[in-house]
Amino acid sequence: MSGIKIVLGDITKSDCECIVNAANKSLLGGGGVDGAIHRAAGRELYNECKTLGGCETGEAKITKGYNLKARYIIHTVGPVYQGIETDTDFLRNCYINSLELAKAKGIRSISFPAISTGAYGFPKMKAAFIALNNVLGWMAENPVYNITVEFCCFGEEDYNIYLKAYGMITGDNQELVEDFAKFVAENDLELEGLTVMHLADEPFENIRSGQKTVEIRLYDEKRKKINVGDTIFFFRGQDNTEFIYAIVTALHHFDSFKALFSSHLFDKTGSGNMTVDEAVKSMYKYYSIEQEQKYGVLGIEIEKAE
Ligand code: AR6
């Protein structure tokens, strides 16, 4: 069985068969975890790295572990955070390419540092979410390859962030999910696969009671990023204390509110005794006709997580 471990410590002391280095493109050493690994592994590591011809962002290369307990070191280069979409792609590639390389070598245990979250400035929670999500996804896609993946956190702050992100992703710890939801809302974090929405009392209650399983929004740039399987945290009002945790089960795109309310979804929108026209009118409290015409509308079908 594959598994995940979140540990607090120094990666150079890890018992894993392989550790991952958050390197730079030269692969010739630097500060942070890279410096610590080169110091602990010794000069021979530097000599081997010189033969590798550097490494592109998101790619991974392997060397021996020399003076480390670990037999191998996988060197990967994280993105320098710029606040653009490719940051996420490159960081994902670091984890996936490292795992692919480990698999090709038959490695059964691997320890990752929090790549890009030091000198390269990637927001820590966002990076933890990307790391965990992609490693868990990769494991699910490689069910016959057993590997233990350790996330080595250098300090309490990183450790708590990983625990929160893990609790949220797996949904196995209600307290962690709550902490995480608040954290995401308070920090206005944009995370892959996760959306935060604020609702008025009535729709919030209707979702909670199960009368409403379709939330309606404009089909604008932000909502175009929503996918089936994503998580939505619905918060009551603007304070970030009460929330509902739901999974997107289907997405329905329409040209207008009228088209949406005239469809089979009507009964799922929590519109109670309203007629179609009244339900349409109620949407113009939030959105203008111009917005409706520009973007169209999206019916987001959800299932509440218990
Ligand atoms: N064990 C585990 N994690 C560590 C250790 C350690 N011994 N030391 C630091 N960390 P960083 P980056 C954590 O800056 O952001 C280098 O100079 C650290 O707390 O090492 O990918 C390279 O040569 C942080 O959470 O890597 C590159 O030029 C995480 O490791 C550049 O920095 C990553 O921080 C790469 O920047």
# chains A, B, ... in the order shown; residues from 1 in each chain; ligands from 1
>>> residues_near_ligand(ligand="ligand 1", cutoff="8 Å", atoms="only C-alpha atoms and all ligand atoms", output="ChimeraX atom specification")
/A:9-12,22-25,27-37,77-80,112-122,124,152-155,158
>>> select_by_dssp(residues="segment 35-192 of chain A", states="alpha helix (DSSP H)", output="PyMOL selection string")
chain A and resi 35-41+43-50+85-104+124-141+156-170+174-186
>>> select_by_dssp(residues="segment 61-103 of chain A", states="strand (DSSP E)", output="VMD selection string")
chain A and resid 61 to 64 72 to 77
>>> closest_residue(among="A:Ala131, A:Val144, A:Cys94, A:Met125", to="Glu157 of chain A", atoms="only C-alpha atoms")
A:Met125
>>> residues_around(residues="Leu218 of chain A", least_positions_apart="2", cutoff="8 Å", atoms="only C-alpha atoms", output="PyMOL selection string")
chain A and resi 216+220+223+291-292+295-298
>>> residues_around(residues="Ala185 of chain A", least_positions_apart="5", cutoff="10 Å", atoms="only C-alpha atoms", output="PyMOL selection string")
chain A and resi 180+190+195-198+233-235+238-241
>>> residues_around(residues="segment 202-206 of chain A", least_positions_apart="5", cutoff="12 Å", atoms="only C-alpha atoms", output="VMD selection string")
chain A and resid 197 211 to 216 233 to 238 242 to 245 268 to 272 282 304
>>> residues_around(residues="Arg71 of chain A", least_positions_apart="6", cutoff="8 Å", atoms="only C-alpha atoms", output="ChimeraX atom specification")
/A:17-18,64-65
>>> atom_distance(atom1="atom CA of Tyr145 of chain A", atom2="atom CA of Gly58 of chain A")
22.4 Å
>>> residues_around(residues="His75 of chain A", least_positions_apart="5", cutoff="7 Å", atoms="only C-alpha atoms", output="list in words")
Val20, Asn21, Ala22, Ala23, Ala60, Lys61 and Ile62 of chain A
>>> closest_residue(among="A:Thr170, A:Ile96, A:Ile302, A:Ala40", to="Ile226 of chain A", atoms="only C-alpha atoms")
A:Ile302
>>> atom_distance(atom1="atom CA of Lys281 of chain A", atom2="atom CA of Arg217 of chain A")
14.2 Å
>>> atom_distance(atom1="atom CA of Ala104 of chain A", atom2="atom CA of Ile74 of chain A")
12.1 Å
